[in-house]
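Chemist: Next comes input26.tsv, TSV, C-alpha atoms:
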chain	number	residue	atom	x	y	z
A	1	MET	CA	-70.80	-45.53	35.97
A	2	THR	CA	-70.78	-48.53	33.66
A	3	HIS	CA	-73.77	-50.67	34.58
A	4	PRO	CA	-73.69	-54.47	34.26
A	5	THR	CA	-74.56	-56.00	30.93
A	6	PRO	CA	-78.30	-56.80	30.83
A	7	GLY	CA	-78.79	-60.38	31.88
A	8	ALA	CA	-75.44	-60.56	33.69
A	9	ASP	CA	-75.80	-62.81	36.71
A	10	ILE	CA	-74.45	-60.96	39.72
A	11	SER	CA	-76.94	-62.29	42.23
A	12	SER	CA	-75.14	-65.42	43.41
A	13	PRO	CA	-74.34	-65.76	47.14
A	14	ALA	CA	-70.67	-65.16	46.33
A	15	MET	CA	-71.56	-61.89	44.61
A	16	PRO	CA	-74.31	-60.06	46.56
A	17	THR	CA	-76.19	-57.37	44.69
A	18	ILE	CA	-77.31	-53.86	45.55
A	19	TYR	CA	-80.35	-52.30	43.85
A	20	TRP	CA	-81.48	-48.71	43.43
A	21	THR	CA	-83.62	-46.57	41.14
A	22	GLU	CA	-82.06	-43.96	38.86
A	23	HIS	CA	-83.69	-41.97	36.06
A	24	GLY	CA	-86.85	-43.98	36.67
A	25	GLU	CA	-85.14	-47.32	36.04
A	26	GLU	CA	-83.96	-50.02	38.42
A	27	GLN	CA	-80.17	-50.38	38.51
A	28	HIS	CA	-78.00	-52.96	40.19
A	29	ALA	CA	-74.34	-53.66	40.83
A	30	ARG	CA	-72.11	-55.95	42.82
A	31	TRP	CA	-72.11	-55.15	46.54
A	32	ARG	CA	-68.76	-55.15	48.34
A	33	SER	CA	-68.37	-55.19	52.12
A	34	GLU	CA	-65.26	-56.32	53.97
A	35	ARG	CA	-67.33	-56.43	57.16
A	36	GLY	CA	-69.77	-58.83	55.51
A	37	SER	CA	-72.64	-56.38	55.90
A	38	PRO	CA	-75.68	-57.14	53.74
A	39	ALA	CA	-76.48	-54.77	50.89
A	40	PRO	CA	-78.69	-51.88	52.06
A	41	LYS	CA	-82.32	-52.48	51.19
A	42	LYS	CA	-83.10	-48.77	50.74
A	43	VAL	CA	-80.82	-46.62	48.59
A	44	VAL	CA	-81.25	-43.01	47.49
A	45	LEU	CA	-79.02	-40.84	45.33
A	46	ALA	CA	-77.01	-38.03	46.93
A	47	ASP	CA	-74.82	-35.28	45.50
A	48	ASP	CA	-73.27	-31.91	46.30
A	49	THR	CA	-76.69	-30.45	47.12
A	50	THR	CA	-77.33	-32.98	49.91
A	51	THR	CA	-76.85	-31.40	53.33
A	52	ALA	CA	-75.02	-33.12	56.16
A	53	ASP	CA	-78.11	-32.96	58.38
A	54	THR	CA	-80.22	-34.68	55.73
A	55	ALA	CA	-77.57	-37.32	55.10
A	56	TYR	CA	-77.17	-37.95	58.83
A	57	ARG	CA	-80.92	-38.39	59.32
A	58	LEU	CA	-81.19	-40.80	56.39
A	59	ALA	CA	-78.14	-42.80	57.45
A	60	CYS	CA	-79.41	-43.12	61.02
A	61	GLU	CA	-82.73	-44.39	59.62
A	62	GLY	CA	-80.90	-47.08	57.66
A	63	THR	CA	-81.13	-45.45	54.23
A	64	ALA	CA	-77.95	-45.63	52.18
A	65	LEU	CA	-76.81	-42.71	50.02
A	66	LEU	CA	-75.18	-43.53	46.68
A	67	TRP	CA	-72.90	-40.58	45.99
A	68	ARG	CA	-73.10	-38.93	42.57
A	69	GLY	CA	-71.34	-35.66	43.37
A	70	ASP	CA	-67.74	-34.47	43.56
A	71	PHE	CA	-65.52	-37.07	45.25
A	72	HIS	CA	-63.83	-34.61	47.63
A	73	ASN	CA	-67.21	-33.21	48.64
A	74	GLY	CA	-68.22	-36.77	49.44
A	75	ARG	CA	-65.23	-37.09	51.77
A	76	GLN	CA	-66.18	-33.85	53.47
A	77	LEU	CA	-69.71	-35.13	53.93
A	78	LEU	CA	-68.36	-38.30	55.54
A	79	GLN	CA	-66.31	-36.20	57.97
A	80	ALA	CA	-69.41	-34.13	58.79
A	81	LEU	CA	-71.35	-37.32	59.51
A	82	GLY	CA	-68.58	-38.45	61.83
A	83	ARG	CA	-68.66	-35.17	63.75
A	84	ARG	CA	-72.41	-35.45	64.21
A	85	ALA	CA	-72.07	-39.02	65.43
A	86	ASP	CA	-69.46	-37.99	67.99
A	87	GLN	CA	-70.98	-34.80	69.40
A	88	VAL	CA	-73.21	-35.92	72.27
A	89	PRO	CA	-72.34	-39.62	72.54
A	90	ALA	CA	-68.71	-38.80	73.39
A	91	ARG	CA	-69.77	-37.10	76.62
A	92	LYS	CA	-72.24	-39.87	77.41
A	93	ARG	CA	-69.66	-42.59	76.84
A	94	LYS	CA	-67.13	-40.86	79.10
A	95	LYS	CA	-69.72	-40.49	81.85
A	96	ALA	CA	-70.88	-44.08	81.43
A	97	ALA	CA	-67.32	-45.38	81.69
A	98	GLN	CA	-67.03	-43.70	85.09
A	99	GLU	CA	-70.34	-44.94	86.46
A	100	VAL	CA	-70.57	-48.56	85.32
A	101	PRO	CA	-68.26	-51.57	85.74
A	102	ILE	CA	-65.40	-51.51	83.27
A	103	VAL	CA	-66.61	-54.65	81.48
A	104	ASP	CA	-69.96	-52.95	80.83
A	105	ALA	CA	-68.16	-49.81	79.68
A	106	PHE	CA	-66.19	-51.96	77.23
A	107	HIS	CA	-69.31	-53.54	75.75
A	108	GLN	CA	-71.02	-50.13	75.53
A	109	HIS	CA	-67.93	-48.77	73.76
A	110	ARG	CA	-67.92	-51.65	71.27
A	111	LEU	CA	-71.64	-51.19	70.62
A	112	ALA	CA	-71.17	-47.46	70.04
A	113	GLN	CA	-68.27	-48.18	67.66
A	114	SER	CA	-70.40	-50.68	65.75
A	115	GLN	CA	-73.34	-48.29	65.46
A	116	ARG	CA	-71.06	-45.46	64.34
A	117	ALA	CA	-69.41	-47.67	61.71
A	118	ARG	CA	-72.79	-48.86	60.45
A	119	MET	CA	-74.06	-45.29	60.07
A	120	LEU	CA	-70.90	-44.01	58.35
A	121	GLY	CA	-71.01	-47.04	56.06
A	122	MET	CA	-74.26	-45.73	54.56
A	123	LEU	CA	-72.41	-43.29	52.28
A	124	LEU	CA	-71.68	-45.33	49.16
A	125	ILE	CA	-69.32	-44.94	46.20
A	126	PRO	CA	-69.72	-46.48	42.71
A	127	PHE	CA	-66.93	-48.36	40.93
A	128	ASN	CA	-66.54	-49.30	37.30
A	129	ALA	CA	-65.61	-52.86	36.42
A	130	ASP	CA	-61.91	-51.90	36.35
A	131	TYR	CA	-62.14	-50.37	39.89
A	132	SER	CA	-62.03	-46.78	38.64
A	133	VAL	CA	-64.44	-44.38	40.37
A	134	PRO	CA	-66.76	-42.48	37.97
A	135	LEU	CA	-66.98	-39.28	40.03
A	136	ARG	CA	-65.56	-35.78	39.54
A	137	ARG	CA	-62.07	-35.36	41.02
A	138	ALA	CA	-61.97	-39.00	42.05
A	139	PRO	CA	-58.43	-40.26	42.76
A	140	ASP	CA	-56.90	-43.24	40.99
A	141	VAL	CA	-57.71	-46.08	43.38
A	142	GLN	CA	-57.26	-49.00	40.99
A	143	ALA	CA	-53.94	-50.18	42.46
A	144	ALA	CA	-55.29	-49.95	46.02
A	145	CYS	CA	-58.45	-51.86	45.10
A	146	THR	CA	-56.42	-54.50	43.28
A	147	ASP	CA	-54.35	-54.99	46.45
A	148	ALA	CA	-57.50	-55.46	48.51
A	149	TRP	CA	-59.85	-57.25	46.12
A	150	GLY	CA	-57.50	-58.93	43.68
A	151	PRO	CA	-57.13	-58.16	39.96
A	152	ALA	CA	-60.35	-57.28	38.20
A	153	ALA	CA	-61.45	-60.35	36.26
A	154	PRO	CA	-62.53	-60.09	32.61
A	155	THR	CA	-66.05	-60.90	33.84
A	156	GLU	CA	-65.97	-58.22	36.56
A	157	VAL	CA	-68.93	-55.84	36.69
A	158	ALA	CA	-69.68	-52.47	38.20
A	159	SER	CA	-69.77	-52.47	41.99
A	160	VAL	CA	-70.64	-50.35	44.99
A	161	ALA	CA	-68.92	-50.07	48.38
A	162	SER	CA	-68.99	-47.62	51.25
A	163	LEU	CA	-66.75	-44.58	51.01
A	164	ARG	CA	-65.46	-45.45	54.47
A	165	GLU	CA	-64.35	-48.85	53.20
A	166	LEU	CA	-62.66	-47.28	50.18
A	167	LEU	CA	-60.70	-44.95	52.47
A	168	GLY	CA	-59.61	-48.00	54.46
A	169	VAL	CA	-58.49	-49.67	51.23
A	170	THR	CA	-56.42	-46.65	50.14
A	171	SER	CA	-54.94	-46.21	53.62
A	172	ALA	CA	-53.89	-49.87	53.70
A	173	HIS	CA	-52.34	-49.47	50.25
A	174	GLU	CA	-50.20	-46.63	51.56
A	175	TRP	CA	-49.14	-48.67	54.60
A	176	ARG	CA	-48.17	-51.48	52.25
A	177	ARG	CA	-46.22	-49.13	49.99
A	178	VAL	CA	-44.30	-47.36	52.78
A	179	GLY	CA	-44.07	-50.19	55.30
A	180	VAL	CA	-43.53	-50.17	59.06
A	181	GLU	CA	-40.00	-49.82	60.37
A	182	ILE	CA	-39.10	-52.59	62.84
A	183	PRO	CA	-35.83	-51.78	64.68
A	184	SER	CA	-35.53	-55.41	65.82
A	185	LEU	CA	-35.05	-56.43	62.16
A	186	GLY	CA	-31.86	-54.41	61.78
A	187	ASP	CA	-30.88	-51.07	60.36
A	188	ALA	CA	-32.98	-48.92	58.06
A	189	PRO	CA	-33.99	-48.99	55.29
A	190	ASN	CA	-33.93	-52.79	55.13
A	191	ASN	CA	-36.01	-53.39	58.23
A	192	ARG	CA	-39.56	-52.75	57.11
A	193	ILE	CA	-42.66	-54.91	57.24
A	194	HIS	CA	-45.23	-54.16	54.53
A	195	PRO	CA	-48.70	-55.14	55.81
A	196	HIS	CA	-51.32	-56.09	53.26
A	197	TYR	CA	-54.96	-55.08	53.35
A	198	GLY	CA	-56.77	-57.06	56.02
A	199	VAL	CA	-53.55	-58.10	57.79
A	200	PHE	CA	-52.69	-56.63	61.19
A	201	SER	CA	-49.99	-53.97	61.02
A	202	PRO	CA	-47.16	-54.47	63.57
A	203	VAL	CA	-47.24	-50.90	64.86
A	204	ARG	CA	-47.03	-51.91	68.54
A	205	GLY	CA	-43.33	-52.51	68.92
A	206	GLU	CA	-43.22	-53.72	72.52
A	207	TYR	CA	-44.33	-57.28	71.74
A	208	ILE	CA	-41.81	-57.52	68.89
A	209	HIS	CA	-39.02	-56.30	71.18
A	210	LEU	CA	-39.91	-59.00	73.71
A	211	VAL	CA	-39.45	-61.73	71.09
A	212	ALA	CA	-36.26	-60.08	69.85
A	213	THR	CA	-34.61	-60.00	73.28
A	214	ALA	CA	-35.87	-63.02	75.25
A	215	HIS	CA	-33.25	-65.74	75.81
A	216	LEU	CA	-33.57	-68.47	73.17
A	217	PRO	CA	-33.83	-72.10	74.35
A	218	LYS	CA	-31.04	-74.49	73.45
A	219	PRO	CA	-31.43	-77.02	70.62
A	220	PRO	CA	-32.28	-80.60	71.67
A	221	THR	CA	-29.43	-82.82	72.78
A	222	GLY	CA	-27.37	-83.93	69.82
A	223	GLN	CA	-28.62	-81.14	67.54
A	224	SER	CA	-26.83	-77.91	66.67
A	225	THR	CA	-29.71	-75.93	65.21
A	226	LEU	CA	-33.04	-74.67	66.52
A	227	LEU	CA	-36.47	-75.28	64.97
A	228	ALA	CA	-39.23	-72.81	65.81
A	229	PHE	CA	-42.95	-72.56	65.03
A	230	ASP	CA	-44.63	-69.16	64.66
A	231	ILE	CA	-48.34	-69.78	65.21
A	232	GLY	CA	-50.63	-67.24	63.53
A	233	THR	CA	-47.83	-65.45	61.73
A	234	GLY	CA	-49.89	-62.62	60.20
A	235	SER	CA	-47.45	-60.26	58.49
A	236	GLY	CA	-44.58	-62.64	59.26
A	237	VAL	CA	-42.86	-60.17	61.57
A	238	LEU	CA	-42.13	-62.57	64.45
A	239	ALA	CA	-40.92	-65.31	62.11
A	240	ALA	CA	-38.59	-62.74	60.53
A	241	VAL	CA	-37.31	-61.63	63.96
A	242	LEU	CA	-36.54	-65.24	64.89
A	243	ALA	CA	-34.76	-65.82	61.59
A	244	LYS	CA	-32.71	-62.64	62.05
A	245	ARG	CA	-31.76	-63.91	65.53
A	246	GLY	CA	-30.21	-66.97	63.93
A	247	VAL	CA	-32.96	-69.56	64.32
A	248	ALA	CA	-32.08	-71.97	61.53
A	249	ALA	CA	-35.60	-73.03	60.59
A	250	VAL	CA	-39.00	-71.51	61.29
A	251	ILE	CA	-42.40	-72.83	60.25
A	252	ALA	CA	-44.88	-69.95	60.16
A	253	THR	CA	-48.57	-70.89	60.09
A	254	ASP	CA	-51.79	-69.01	59.42
A	255	GLN	CA	-55.23	-69.72	57.99
A	256	ASP	CA	-55.85	-66.41	56.22
A	257	PRO	CA	-54.74	-66.38	52.55
A	258	ARG	CA	-54.06	-62.64	52.77
A	259	ALA	CA	-51.77	-63.17	55.75
A	260	LEU	CA	-49.94	-66.00	54.01
A	261	ASP	CA	-49.28	-63.88	50.92
A	262	CYS	CA	-48.24	-60.97	53.12
A	263	ALA	CA	-45.83	-63.08	55.17
A	264	ARG	CA	-44.23	-64.64	52.11
A	265	GLU	CA	-43.68	-61.23	50.52
A	266	ASN	CA	-42.17	-59.74	53.68
A	267	LEU	CA	-39.90	-62.70	54.36
A	268	LYS	CA	-38.61	-62.60	50.81
A	269	GLN	CA	-37.83	-58.88	50.82
A	270	LEU	CA	-36.10	-59.27	54.20
A	271	GLY	CA	-33.92	-62.04	52.77
A	272	VAL	CA	-34.97	-64.78	55.22
A	273	GLU	CA	-37.30	-66.82	53.00
A	274	ALA	CA	-34.79	-69.71	52.99
A	275	GLN	CA	-35.10	-70.04	56.77
A	276	VAL	CA	-38.87	-69.70	57.03
A	277	THR	CA	-41.53	-72.01	55.63
A	278	VAL	CA	-45.02	-70.47	55.42
A	279	ALA	CA	-47.91	-72.93	55.66
A	280	GLN	CA	-51.69	-72.64	55.64
A	281	ILE	CA	-52.44	-74.54	58.85
A	282	ASP	CA	-54.79	-74.06	61.78
A	283	LEU	CA	-52.37	-73.54	64.69
A	284	PHE	CA	-49.62	-76.23	64.81
A	285	PRO	CA	-47.75	-77.94	61.98
A	286	GLU	CA	-46.77	-81.57	62.37
A	287	GLY	CA	-43.80	-82.43	64.54
A	288	ARG	CA	-42.13	-80.83	67.52
A	289	ALA	CA	-40.07	-77.69	67.91
A	290	SER	CA	-37.77	-76.32	70.58
A	291	LEU	CA	-39.49	-72.93	70.41
A	292	ILE	CA	-43.15	-72.26	69.66
A	293	VAL	CA	-44.23	-68.61	69.55
A	294	CYS	CA	-47.82	-67.41	69.52
A	295	ASN	CA	-49.24	-63.89	69.65
A	296	PRO	CA	-53.00	-64.64	69.74
A	297	PRO	CA	-55.76	-62.02	69.72
A	298	TRP	CA	-55.62	-60.34	73.11
A	299	LEU	CA	-59.31	-59.70	73.73
A	300	PRO	CA	-61.90	-62.52	74.01
A	301	ALA	CA	-64.67	-60.62	72.25
A	302	ARG	CA	-66.39	-60.80	68.87
A	303	ALA	CA	-64.62	-59.20	65.91
A	304	SER	CA	-66.83	-56.97	63.76
A	305	SER	CA	-64.64	-57.21	60.65
A	306	PRO	CA	-61.91	-59.54	59.33
A	307	VAL	CA	-59.06	-57.16	60.21
A	308	GLU	CA	-60.27	-57.09	63.84
A	309	ARG	CA	-59.64	-60.83	64.17
A	310	ALA	CA	-56.03	-60.02	65.04
A	311	VAL	CA	-57.26	-58.26	68.19
A	312	TYR	CA	-60.61	-59.88	69.01
A	313	ASP	CA	-61.27	-63.62	69.30
A	314	GLU	CA	-64.68	-64.55	70.69
A	315	GLY	CA	-64.27	-66.93	73.59
A	316	GLY	CA	-60.46	-66.82	73.30
A	317	LYS	CA	-60.50	-69.84	70.98
A	318	MET	CA	-56.99	-69.36	69.58
A	319	LEU	CA	-55.46	-68.92	73.03
A	320	ALA	CA	-57.25	-72.04	74.25
A	321	GLY	CA	-56.15	-74.01	71.18
A	322	PHE	CA	-52.53	-72.93	71.60
A	323	LEU	CA	-52.41	-73.95	75.26
A	324	LYS	CA	-54.19	-77.24	74.56
A	325	GLY	CA	-51.82	-78.33	71.79
A	326	LEU	CA	-48.54	-76.90	73.05
A	327	THR	CA	-47.16	-79.84	75.06
A	328	ALA	CA	-47.74	-82.27	72.17
A	329	HIS	CA	-45.58	-80.13	69.87
A	330	LEU	CA	-42.74	-79.12	72.18
A	331	ALA	CA	-39.41	-80.88	71.79
A	332	PRO	CA	-37.72	-82.02	75.04
A	333	LYS	CA	-36.75	-78.96	77.11
A	334	GLY	CA	-38.55	-76.79	74.57
A	335	GLU	CA	-40.38	-73.56	75.34
A	336	GLY	CA	-43.63	-71.98	74.28
A	337	TRP	CA	-43.63	-68.19	74.15
A	338	LEU	CA	-47.10	-66.76	74.66
A	339	ILE	CA	-47.27	-63.03	73.93
A	340	LEU	CA	-50.30	-61.56	75.62
A	341	SER	CA	-51.51	-58.20	76.88
A	342	ASN	CA	-53.29	-58.02	80.22
A	343	LEU	CA	-55.82	-55.53	78.83
A	344	ALA	CA	-58.48	-58.26	78.91
A	345	GLU	CA	-57.91	-58.54	82.66
A	346	HIS	CA	-58.34	-54.80	83.21
A	347	LEU	CA	-61.51	-54.87	81.09
A	348	GLY	CA	-62.99	-57.72	83.10
A	349	LEU	CA	-63.02	-60.06	80.10
A	350	ARG	CA	-60.57	-62.63	81.51
A	351	SER	CA	-58.92	-62.88	84.93
A	352	ARG	CA	-55.28	-63.70	85.66
A	353	ASP	CA	-56.46	-66.69	87.67
A	354	GLU	CA	-58.35	-68.01	84.64
A	355	LEU	CA	-55.23	-67.71	82.48
A	356	LEU	CA	-53.01	-69.45	85.05
A	357	ALA	CA	-55.61	-72.19	85.52
A	358	ALA	CA	-55.72	-72.80	81.74
A	359	ILE	CA	-51.94	-73.04	81.64
A	360	GLU	CA	-51.89	-75.58	84.47
A	361	ALA	CA	-54.85	-77.57	83.14
A	362	ASN	CA	-53.00	-78.16	79.87
A	363	GLY	CA	-49.94	-79.66	81.52
A	364	LEU	CA	-47.83	-76.53	81.34
A	365	LYS	CA	-45.79	-74.49	83.78
A	366	VAL	CA	-44.56	-70.90	83.72
A	367	ILE	CA	-40.76	-70.66	83.55
A	368	SER	CA	-40.77	-66.87	83.71
A	369	ARG	CA	-42.62	-63.80	82.47
A	370	ILE	CA	-41.09	-60.77	80.77
A	371	ASP	CA	-43.15	-57.58	80.82
A	372	ALA	CA	-43.18	-54.45	78.67
A	373	LYS	CA	-45.24	-51.28	78.99
A	374	PRO	CA	-47.06	-50.26	75.79
A	375	LEU	CA	-46.14	-46.90	74.30
A	376	HIS	CA	-49.08	-46.49	71.90
A	377	PRO	CA	-50.93	-43.12	72.07
A	378	LYS	CA	-54.17	-44.52	73.51
A	379	ALA	CA	-52.35	-45.59	76.67
A	380	ALA	CA	-51.90	-41.91	77.53
A	381	ASP	CA	-55.18	-40.55	76.15
A	382	ALA	CA	-57.27	-39.55	79.16
A	383	GLY	CA	-60.22	-38.86	76.86
A	384	ASP	CA	-60.36	-42.44	75.61
A	385	ALA	CA	-63.46	-44.28	76.80
A	386	LEU	CA	-61.30	-47.15	78.08
A	387	HIS	CA	-58.42	-45.07	79.48
A	388	GLN	CA	-58.85	-46.56	82.93
A	389	ALA	CA	-57.87	-49.98	81.55
A	390	ARG	CA	-55.43	-48.90	78.86
A	391	SER	CA	-53.32	-46.84	81.27
A	392	ARG	CA	-52.58	-49.99	83.29
A	393	GLU	CA	-51.94	-52.31	80.34
A	394	VAL	CA	-48.81	-54.47	80.30
A	395	THR	CA	-47.69	-56.76	77.47
A	396	SER	CA	-46.01	-59.97	78.57
A	397	LEU	CA	-44.02	-62.81	77.08
A	398	TRP	CA	-44.89	-65.91	79.06
A	399	ARG	CA	-42.18	-68.60	78.83
A	400	LEU	CA	-44.02	-71.90	79.11
A	401	ALA	CA	-42.75	-75.47	79.32
A	402	ALA	CA	-44.22	-78.91	79.86
A	403	ALA	CA	-44.90	-79.43	83.56
Output the file's structure in the form of structure tokens.
Modeler:
Amino acid sequence: MTHPTPGADISSPAMPTIYWTEHGEEQHARWRSERGSPAPKKVVLADDTTTADTAYRLACEGTALLWRGDFHNGRQLLQALGRRADQVPARKRKKAAQEVPIVDAFHQHRLAQSQRARMLGMLLIPFNADYSVPLRRAPDVQAACTDAWGPAAPTEVASVASLRELLGVTSAHEWRRVGVEIPSLGDAPNNRIHPHYGVFSPVRGEYIHLVATAHLPKPPTGQSTLLAFDIGTGSGVLAAVLAKRGVAAVIATDQDPRALDCARENLKQLGVEAQVTVAQIDLFPEGRASLIVCNPPWLPARASSPVERAVYDEGGKMLAGFLKGLTAHLAPKGEGWLILSNLAEHLGLRSRDELLAAIEANGLKVISRIDAKPLHPKAADAGDALHQARSREVTSLWRLAAA
């Protein structure tokens, strides 16, 4: 591993630092964590001689292990740590889900997930300044890291991240390379969305199909074309679906720079960039539209990492903001399409009455609701800690209008 140049300043708040002792000398490097976790305070070296039991004990105690052995052996150690984490707790979580209210089971499940992730994140991997990994049999991860972290700057220094995070980076790179086929965007092979690292992958097709098949509102009187807003566009998939359906102009908004870059790239490769304008805006752009589509995070709970913000939104802030601002941005006879799963209702996180009351309180009415049953594997997994709720989940497109 190439250590930072003596005197190099890598201790600014924007570049947190991790410290450890090696060969009797203090070493340091840039600390990377997508979850925003602080650098571990206690770090020991580990290699091929480190047993899984020892690593598990240290990780549970909060001691990080900087891997110096064979890369593939490091992956095997991570898998062994995962098996140890899942052995007894899996039975306890299943039993707890049966004996406590579902909302408590959900919070216990999230806590267990967080604790598991924290423990597995204690196995660390070194990176050179150019994102190469200085370990035996290490794969070439430079392209994947560049996708996730941006090009290595001339002033870049050696860094450290968890092996678990690196595997997430390389997995996301493969998703981006291969893409996700979206039948609603036309025939293969020109119907793929390529999600970027940190941007939600549109693998749940039922909500996309709802937007692709719901009856479009008519343009305002005296106009021949339709203007639509896609609020929180993410990968750009819903904006692309609307454009493919013949919507003449779409304004797609998001706050996340990664999502904006992802959406622009997808819209260009799908050939609809002339119809869709991508803008970095919190919720609504200026003006009014005949159709405003929003697929907010479905669960009003705290996200533990940036990529989870597509699913979890503490307090349901985006949903509340969409409902609050919708009437002011709808053209006459326009519609707001709210795409929402009822999983939060089955988990006891939000009731149907609370949703309907929020719609009414913001001067809106429900024109109709179109439902779809999810087909994702967890909906049929009886061993899942939240199977009771997932098995009853329904995804809906709520057609809203000004009351």
Chemist: Using all atoms listed in the file, which of the listed residues (A:Thr221, A:Ser396, A:Thr213, A:Ser33) sits closest to Ser162 (chain A)?
Modeler: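 Under the stated criterion, the closest residue is A:Ser33.
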Chemist: Need to verify the contact set: Gly205 (chain A), 10 Å, only C-alpha atoms, exclusion of same-chain residues closer than 4 positions in sequence. Can you return it as a list in words?
Modeler: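 My reading of the contact set: Glu181, Ile182, Pro183, Ser184, His209, Leu210, Ala372, Pro374, Leu375 and His376 of chain A.
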Chemist: Which of these, A:His72, A:Lys317, A:His387, A:His28, has the shortest distance to Ser159 (chain A) once you count all atoms listed in the file?
Modeler: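 Residue with the minimum atom-to-atom distance to Ser159 (chain A): A:His28.
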Chemist: Mind giving me the straight-line distance from CA of Pro189 (chain A) to CA of Ala172 (chain A) in Å, one decimal?
Modeler: 20.0 Å
Chemist: Enter the distance from CA of Met122 (chain A) to CA of His196 (chain A), in Å, rounded to one decimal.
Modeler: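 One can read the CA of Met122 (chain A) to CA of His196 (chain A) distance as 25.2 Å.
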Chemist: Name all residues at most 12 Å from Arg390 (chain A) (count only C-alpha atoms; drop same-chain ones fewer than 2 positions away) and give them as a ChimeraX atom specification.
Modeler: /A:102,106,341-347,373-388,392-395
Chemist: Mind dumping the selected residues with C-alpha atoms as a PDB file, in the frame of the given file?
Modeler:
ATOM      1  CA  ILE A 102     -65.400 -51.510  83.270  1.00  0.00           C
ATOM      2  CA  PHE A 106     -66.190 -51.960  77.230  1.00  0.00           C
ATOM      3  CA  SER A 341     -51.510 -58.200  76.880  1.00  0.00           C
ATOM      4  CA  ASN A 342     -53.290 -58.020  80.220  1.00  0.00           C
ATOM      5  CA  LEU A 343     -55.820 -55.530  78.830  1.00  0.00           C
ATOM      6  CA  ALA A 344     -58.480 -58.260  78.910  1.00  0.00           C
ATOM      7  CA  GLU A 345     -57.910 -58.540  82.660  1.00  0.00           C
ATOM      8  CA  HIS A 346     -58.340 -54.800  83.210  1.00  0.00           C
ATOM      9  CA  LEU A 347     -61.510 -54.870  81.090  1.00  0.00           C
ATOM     10  CA  LYS A 373     -45.240 -51.280  78.990  1.00  0.00           C
ATOM     11  CA  PRO A 374     -47.060 -50.260  75.790  1.00  0.00           C
ATOM     12  CA  LEU A 375     -46.140 -46.900  74.300  1.00  0.00           C
ATOM     13  CA  HIS A 376     -49.080 -46.490  71.900  1.00  0.00           C
ATOM     14  CA  PRO A 377     -50.930 -43.120  72.070  1.00  0.00           C
ATOM     15  CA  LYS A 378     -54.170 -44.520  73.510  1.00  0.00           C
ATOM     16  CA  ALA A 379     -52.350 -45.590  76.670  1.00  0.00           C
ATOM     17  CA  ALA A 380     -51.900 -41.910  77.530  1.00  0.00           C
ATOM     18  CA  ASP A 381     -55.180 -40.550  76.150  1.00  0.00           C
ATOM     19  CA  ALA A 382     -57.270 -39.550  79.160  1.00  0.00           C
ATOM     20  CA  GLY A 383     -60.220 -38.860  76.860  1.00  0.00           C
ATOM     21  CA  ASP A 384     -60.360 -42.440  75.610  1.00  0.00           C
ATOM     22  CA  ALA A 385     -63.460 -44.280  76.800  1.00  0.00           C
ATOM     23  CA  LEU A 386     -61.300 -47.150  78.080  1.00  0.00           C
ATOM     24  CA  HIS A 387     -58.420 -45.070  79.480  1.00  0.00           C
ATOM     25  CA  GLN A 388     -58.850 -46.560  82.930  1.00  0.00           C
ATOM     26  CA  ARG A 392     -52.580 -49.990  83.290  1.00  0.00           C
ATOM     27  CA  GLU A 393     -51.940 -52.310  80.340  1.00  0.00           C
ATOM     28  CA  VAL A 394     -48.810 -54.470  80.300  1.00  0.00           C
ATOM     29  CA  THR A 395     -47.690 -56.760  77.470  1.00  0.00           C
TER      30      THR A 395
END
Chemist: Of the candidates A:Gln275, A:Ser171, A:Gln27, A:Thr54, which one gets nearest to Pro126 (chain A) if we count only C-alpha atoms?
Modeler: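 The closest residue to Pro126 (chain A) is A:Gln27.
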Chemist: Skip Thr233 (chain A) itself and residues of its chain fewer than 2 positions away, then list as a VMD selection string all residues within 10 Å of it, counting all atoms listed in the file.
Modeler: chain A and resid 229 to 231 235 to 240 251 to 256 259 to 260 262 to 263 278 to 279 283 293 to 296
Chemist: Can you tell me how far CA of Arg258 (chain A) sits from CA of Val141 (chain A), in Å to one decimal?
Modeler: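 Computing it gives 19.4 Å between the two atoms.
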Chemist: Would you pick out the contacts of Ala64 (chain A) at 9 Å or less, using all atoms listed in the file, so that residues sharing its chain but fewer than 4 positions from it are not included, and give the list as a PyMOL selection string?
Modeler: chain A and resi 40-45+55+58-59+119+121-124
Chemist: Please produce an output containing C-alpha atoms for each residue in the selection, written as a tab-separated table (two decimals), in the frame of the given file.
Modeler:
chain	number	residue	atom	x	y	z
A	40	PRO	CA	-78.69	-51.88	52.06
A	41	LYS	CA	-82.32	-52.48	51.19
A	42	LYS	CA	-83.10	-48.77	50.74
A	43	VAL	CA	-80.82	-46.62	48.59
A	44	VAL	CA	-81.25	-43.01	47.49
A	45	LEU	CA	-79.02	-40.84	45.33
A	55	ALA	CA	-77.57	-37.32	55.10
A	58	LEU	CA	-81.19	-40.80	56.39
A	59	ALA	CA	-78.14	-42.80	57.45
A	119	MET	CA	-74.06	-45.29	60.07
A	121	GLY	CA	-71.01	-47.04	56.06
A	122	MET	CA	-74.26	-45.73	54.56
A	123	LEU	CA	-72.41	-43.29	52.28
A	124	LEU	CA	-71.68	-45.33	49.16
Chemist: I'd like to know which of A:Gly246, A:Pro219, A:Pro300, A:Gly316 is closest to Glu335 (chain A), using all atoms listed in the file.
Modeler: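 Distance minimum relative to Glu335 (chain A) lands on A:Pro219.
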Chemist: Rank A:Pro257, A:Pro332, A:Gly315, A:Pro154 by their smallest atom-to-atom distance to Pro217 (chain A), using only C-alpha atoms, and report the top residue only.
Modeler: A:Pro332
